[in-house]
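Reading through the structure tokens given below for one structure.
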Amino acid sequence: MTKKKEKQKNTFEKICEVIKTMASKPSGLIGLTILIFHVILAITSPLYVPYDYKAIDPTLMLTPPSSEFWFGTDSLGRDVFTRTILGGRTALTVTFFGSLIALLWGGALGIFCGLVGGKIDDVVMRIIDAFLSIPWILAMLLIVSLLGTTTLVLIPALGFFYGKGIVRVARAATHDVIAKDFIVSARARGHSNLSIIWNEILPNVRDAIMVEGAMRWSWMLLGFSSLSFLGFGVSPPTPDWGLMISNARGLMSFAYWAVLAPIFGLSSLIIGINLTADAFAKALGIDRSTKAPV
Amino acid sequence: MDSAVQTINNLTIGFTSQKGKQISILKNISTTIKKGETVGIVGESGSGKSTLALAMMGYVKHGLYTISGECLFHSNNLLKMKNKDLENIRGRKIAMIPQNAGQSLTPNLKIGYQIDEALKLHTDLKKEERDKKISGLLNKVRLPSPEIMAQRYPHELSGGQQQRVAVAMALAGNPELLLLDEPTTGLDVTTQAHVLELLNFIAKDTGTSMVYVSHDLGAIAQVSDRVIVMYSGEIVLDGPVRSILKNPIHPYTFGLLKSIPKLTSPGLPDSMSGSQPQPGTIKTGCSFYERCNLAEDNCKNNSPTLEYIDGLNTSVRCFKYKELINVKETNLDTVKSINNHVLQNEILDISKVSISYAKQKFIDQLLNKIDDSNPTVQDINININKGETLALVGESGSGKSTILKSIAGLLKTKDGMIKFDKDKVLSNDLKMRDPGFLRAIQLIFQNPDESLNPNHTVEEIVSQPLRLYFGLKGDELKQKIIEVLEKVRLGEFYLTRYPRQLSGGEKQRVAVARAFAAKPDIILCDEVTSALDVSVQAAVLNLLQELKEDFGTTYIFVSHDLAVVRAISDRVAVLYQGRLCEIGPSKNVYQLPSHPYTEVLLGAVLEPDPDLKPKLVAEDIVEEKPPEKGCSFQGRCPRILGDICKNEVPPWQIGENGNSIRCHIKVEDLKKQQNIN
């Protein structure tokens, strides 16, 4: 038991150290701040939004930003500020769980293919290649129109489509370590494949897969917003950036605020995730080089 | 003859640590390279010898910088020179030959073109003159048929030939100073001897000064006039090669020479305790203090300076060198002879084993059959007794590691059978093997950096076999891990360390501990000491021998180093191109008459003694594939009889000393021929 606790403590210390390293560079600090800000906003915003996001008021149609309506109102007279700070909730939740699924299945399949190699690897990778050649948005549209636009459909569907790329990365990372003697040694001792994956390979490819997963998250966010933009993501009146941009884009020439606010929300989140993922990768990389003996 | 080519004055190079402290890698180096002189710089890894060699070219690695001092090439300070001026010196006046020629040649350009590029850059010759010069250079480095060679790509040449091309490129600008950074380290024994002989010839022929950097005192002994011994970034000894190697007056060099296994005095060499201090950890006193047998309080508190001793023409950094001046050189040869308790009880029987790397055709795959008339390893018959150490010796490509892998079950055999403990046949397929047999045969690898998972602590590494084979858990497991680590002389505090926090020797100890944790009957050692420094190698060899005496384990020891093999083995099997040449008790195999290949190998061994020159009896070019028929060594054999060697597989003969020799030449004839030469 004590050993387990010790291990947990170790892992916790490690995470703290990585975050510290990430925050030590300006770009990492900015990225982390934006990301944490968005996450906090998504969790707490329903508690303090000034207006009801559904409340339609024809008399207030397309009011410009003012002290009453900070970001103005949209074509149905709804408060844009309220809808913007609520608009990231669905996107963040769906894409977070989506990338988690992508990470799990992509990582598992990639490591498995890298380990077994041979015919199985060939066949699986050709299937992945075939899937990669299908434009994902068409396939997504098909799935969503067949199964509906609930989050329970969107999460696994996005997770599946964004996991394909992770398969390749995980497989490549596995190939790097598979030829090393410690894997040969484990094989010669007679460990099972599962034990080799868990004990020997996973600790060595985990970093690469996690960084790839973080990158996928930002791409998935963009993808999800595109779906909403096309009308296949969340359904109105739920506030969502993609949907808001789609609704307001026709009126852009005289009511720019209704488009600008969700665009700002979406792009700042994506930039935040990207910077964080970059800093994360560097932190893990630098982590190694500074610890190596001189 | 006596004018200085390069003078280094008080050179200190270092870096700034993360905490903002200045840490020196090289400390106050002062030396002079004279015209026509060959200087050997020797030291273990981390001693700063490569940093010094690079500084001699005016290059300081990224992250390092010159703290003080200068590096004068004919009165120009290279370290202050602008890049543009350095271009005129590098390659033209000072050339460098890197360690791995295979990696330093551009793979997609022909050899001739690459030398031509060097010529274009460093000379003003016209096209025709350059073509002539290319042939001349290739001729000079003794590559056969230079015109054909110039049209080849680097991958079409052997390792030794690539190194020769690198030498030719370095000579293209007629340099005054040639820097060689471990130029023969990755090469086979015979190739190494040939390249060194070539370098000696070039030094004499062109009058170029050479700086030869190496960890290998054997190689240094063959080429240098003067030797500089480095330890922890300092010069500790600097003097003529003979006095340094025959009567070293610095305790570090003394210990280093003692820890090298030698053919002339077989047995386990003494090992030095401890390891070289990390840069920045020594504040006061002698950097060798902690490992020194002669050390006293004065050494701890005061740093010795480099003192010139007139009579010996040697500089030494030690307070107590006088105690070593009168030590007779014979004292260098104190070695422990091994004393294995071998039971006449066969533990492993390898009979008629062949292994092929050929790709299976589809139908063969279905029928689970390998169709290869000329397999990589063929017809291996070896019996190993319990408690014995059997060594497999040969150059790269001799199939020694391949045989180990198939014993471990990692490679399938094509024909033949491996039996364990008299009658238990080991399955060809790892998955079909009984777990008991897997436990009984453990592997130790060459490079501990590769064989230990970098993301596991020592505890996790050693726990793997204990959990797998004995199902240990919790406190019992931890107790056992500590017990195993103690056996390899590692304390409890190593449990939480990661491999990157350990030194090379400690890492290999962890690998040894992991193998012994399984309580194996047989341990397969695949070049276990070749990635280690000399003093560490001696310690690991001693450890392996002690563990063997404690547990009665059987070793199969693969190595290319004949001196190491001589030190640790009871019996030796010599392999060439996957075929056995000779097998027998090691003291007999190392005695002539022997198989011509053994003779070639023994002749090429480099001893750390400038008076023992290697004998080069055969070419160093190794064929890529074993010959289709006849004797495997026919291509290089200096004593080839004729067609019989090319057509018929030679028979086994019992040699004079009880060793079995596989050769067409009668043992009596071999004896005559080898004694004459």
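Each chain in the structure tokens gets a letter, A, B and so on, in the order shown; residues start at 1 in every chain, and ligands are counted from 1 in the order they appear.
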
>> Quick check for you: according to DSSP on this backbone, which residues of region 73-306 of chain B are classed as strand (DSSP E)? Reply as a PyMOL selection string.
In response: chain B and resi 73+76-77+94-97+177-181+209-214+226-231+234-240

>> Show me, as JSON, numbers by chain, the residues of chain B whose atoms get within 10 Å of chain A, using only C-alpha atoms for the distance check.
In response: {"B": [17, 18, 25, 46, 278, 279, 405, 408, 409, 410, 430, 431, 432, 433, 434, 435, 436, 437, 438, 439, 440, 441, 442, 443, 444, 445, 446, 447, 448, 449, 450, 451, 452, 453, 454, 455, 456, 460, 461, 464, 465, 468, 469, 474, 475, 499, 500, 501, 502, 503, 511, 515, 518]}

Those residues you just picked out, can you put them in a file as a compact mmCIF listing (two decimals), in the first residue's frame with C-alpha atoms?
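Dumped everything to part28.txt:
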# COMPACT_ATOMS: atom_id res chain seq x y z
CA SER B 17 25.11 24.99 -15.12
CA GLN B 18 21.42 25.68 -14.62
CA ILE B 25 35.22 20.23 -18.58
CA GLY B 46 33.96 11.73 -19.69
CA GLN B 278 31.25 14.18 -12.52
CA PRO B 279 32.40 17.59 -13.76
CA LYS B 405 19.47 -15.60 -29.79
CA ALA B 408 17.26 -17.92 -25.91
CA GLY B 409 14.42 -18.79 -28.26
CA LEU B 410 14.34 -15.39 -29.96
CA LEU B 430 9.43 -18.94 -27.66
CA LYS B 431 5.70 -19.15 -26.91
CA MET B 432 5.80 -22.95 -26.81
CA ARG B 433 8.71 -23.08 -24.39
CA ASP B 434 8.12 -24.22 -20.87
CA PRO B 435 8.34 -21.21 -18.47
CA GLY B 436 10.82 -23.21 -16.42
CA PHE B 437 13.21 -23.31 -19.37
CA LEU B 438 12.71 -19.60 -20.00
CA ARG B 439 13.69 -18.92 -16.42
CA ALA B 440 16.68 -21.21 -16.66
CA ILE B 441 18.21 -19.28 -19.57
CA GLN B 442 18.73 -15.55 -19.06
CA LEU B 443 20.33 -12.93 -21.29
CA ILE B 444 22.61 -10.00 -20.53
CA PHE B 445 23.04 -7.52 -23.34
CA GLN B 446 25.89 -5.42 -24.65
CA ASN B 447 24.54 -1.98 -23.99
CA PRO B 448 22.76 -1.36 -20.68
CA ASP B 449 21.34 1.90 -22.09
CA GLU B 450 19.27 -0.22 -24.43
CA SER B 451 18.56 -3.18 -22.23
CA LEU B 452 17.12 -1.24 -19.28
CA ASN B 453 13.79 0.49 -19.70
CA PRO B 454 14.60 4.21 -19.27
CA ASN B 455 11.24 4.85 -17.61
CA HIS B 456 11.57 2.18 -14.94
CA GLU B 460 10.88 -2.09 -11.19
CA ILE B 461 13.59 -3.46 -13.48
CA GLN B 464 10.20 -8.11 -13.41
CA PRO B 465 11.69 -11.63 -13.31
CA LEU B 468 7.02 -13.33 -13.38
CA TYR B 469 8.77 -16.50 -12.26
CA GLY B 474 4.84 -6.67 -1.47
CA ASP B 475 7.48 -6.78 1.23
CA PRO B 499 18.92 4.15 -15.37
CA ARG B 500 19.86 7.66 -16.59
CA GLN B 501 20.99 8.49 -13.04
CA LEU B 502 23.49 5.63 -13.02
CA SER B 503 26.97 5.31 -14.48
CA ALA B 511 21.31 -5.78 -15.85
CA ALA B 515 19.46 -11.84 -14.97
CA ALA B 518 15.61 -15.42 -12.13

> How would you write, as a ChimeraX atom specification, the set of residues in region 1-136 of chain A that DSSP gives as alpha helix (DSSP H)?
Replying inline: /A:2-23,26-48,80-116,118-133,136

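CA of Pro236 (chain A) sits 19.8 Å away from CA of Phe71 (chain A).
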
>> Neighbouring residues of region 259-274 of chain A were defined as those with any atom within 6 Å, considering only C-alpha atoms; residues of the same chain fewer than 5 positions away were excluded. Please report them as a PyMOL selection string.
In response: chain A and resi 31+34-35+84+218+241+245+248

> So which residues touch region 279-283 of chain A within 7 Å, counting only C-alpha atoms, skipping near sequence neighbours fewer than 4 positions away, as a list of chain:residue names?
Replying inline: A:Val18, A:Thr21, A:Met22, A:Gly28, A:Val211, A:Leu275, A:Asp287

Export of prior selection with N, CA and C atoms as a short mmCIF file (atom, residue, chain, number, x, y, z; two decimals), in the first residue's frame:
data_model
loop_
_atom_site.label_atom_id
_atom_site.label_comp_id
_atom_site.auth_asym_id
_atom_site.auth_seq_id
_atom_site.Cartn_x
_atom_site.Cartn_y
_atom_site.Cartn_z
N VAL A 18 6.20 19.15 -14.53
CA VAL A 18 5.95 19.40 -15.95
C VAL A 18 5.19 20.72 -16.12
N THR A 21 7.48 23.61 -15.60
CA THR A 21 8.33 23.83 -16.77
C THR A 21 7.55 24.50 -17.89
N MET A 22 6.28 24.07 -18.06
CA MET A 22 5.46 24.64 -19.13
C MET A 22 5.26 26.13 -18.89
N GLY A 28 4.07 29.22 -23.10
CA GLY A 28 3.41 28.18 -22.33
C GLY A 28 2.49 28.79 -21.28
N VAL A 211 0.94 14.16 -26.16
CA VAL A 211 1.12 15.41 -26.89
C VAL A 211 0.29 15.39 -28.18
N LEU A 275 -0.94 26.32 -27.86
CA LEU A 275 0.24 26.77 -27.11
C LEU A 275 0.54 25.82 -25.96
N ASP A 287 12.56 18.16 -20.09
CA ASP A 287 12.58 17.34 -18.88
C ASP A 287 13.66 16.27 -18.96
#

>> Need the shell around region 304-320 of chain B: protein/DNA/RNA residues with any atom at most 8 Å away, counting only C-alpha atoms. Skip same-chain ones fewer than 3 positions apart. Format as a ChimeraX atom specification?
In response: /B:235-240,243,249-250,285-286,294,299,323-324

> So, counting only C-alpha atoms, which residue among A:Lys25, A:Lys119, A:Arg216, A:Arg206 is closest to Lys164 (chain A)?
Replying inline: A:Arg216

> Which one is closest to Leu47 (chain A): A:Met61, A:Ile19, A:Ile85, A:Ala157? Count only C-alpha atoms.
Replying inline: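 That would be A:Ile85, the residue with the smallest distance to Leu47 (chain A).
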
Spatial neighbours of Leu132 (chain A), 9 Å, only C-alpha atoms, chain gap at least 4 places, as a CSV table (one decimal) with C-alpha atoms, in the first residue's frame:
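File produced: part_3.csv:
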chain,number,residue,atom,x,y,z
A,127,ILE,CA,-7.6,0.1,-43.4
A,128,ILE,CA,-6.5,3.2,-41.5
A,136,TRP,CA,-14.0,13.3,-42.5
A,161,PHE,CA,-12.3,10.0,-36.8
A,164,LYS,CA,-6.9,7.5,-36.9
A,165,GLY,CA,-4.0,10.0,-36.8

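Counting from CA of Asn326 (chain B), the distance to CA of Arg242 (chain B) is 15.1 Å.
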
>> Please compute the CA of Glu582 (chain B)-CA of Phe633 (chain B) distance, one decimal, in Å.
In response: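 Here the two named atoms are 11.8 Å from each other.
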
>> So that I can see what lies close to Thr184 (chain B), please list as a PyMOL selection string the residues with an atom at most 7 Å from it, counting only C-alpha atoms and leaving out residues fewer than 3 positions away in the same chain.
In response: chain B and resi 99+187+192

Any chance you can output those residues with N, CA and C atoms as an mmCIF file, in the first residue's frame?
data_model
loop_
_atom_site.group_PDB
_atom_site.id
_atom_site.type_symbol
_atom_site.label_atom_id
_atom_site.label_comp_id
_atom_site.auth_asym_id
_atom_site.auth_seq_id
_atom_site.Cartn_x
_atom_site.Cartn_y
_atom_site.Cartn_z
ATOM 1 N N GLN B 99 35.090 9.027 -35.731
ATOM 2 C CA GLN B 99 35.030 7.644 -35.256
ATOM 3 C C GLN B 99 34.324 6.724 -36.241
ATOM 4 N N LEU B 187 35.608 -0.942 -35.298
ATOM 5 C CA LEU B 187 36.051 -1.895 -36.320
ATOM 6 C C LEU B 187 36.392 -3.263 -35.735
ATOM 7 N N GLN B 192 41.042 -3.329 -37.494
ATOM 8 C CA GLN B 192 41.645 -2.334 -36.623
ATOM 9 C C GLN B 192 43.172 -2.365 -36.746
#

> Looking at B:Ser586, B:Thr264, B:Asn298, B:Asn374, which one is nearest to Lys629 (chain B), with distances taken over only C-alpha atoms?
Replying inline: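 With only C-alpha atoms as the atom set, the closest residue is B:Asn374.
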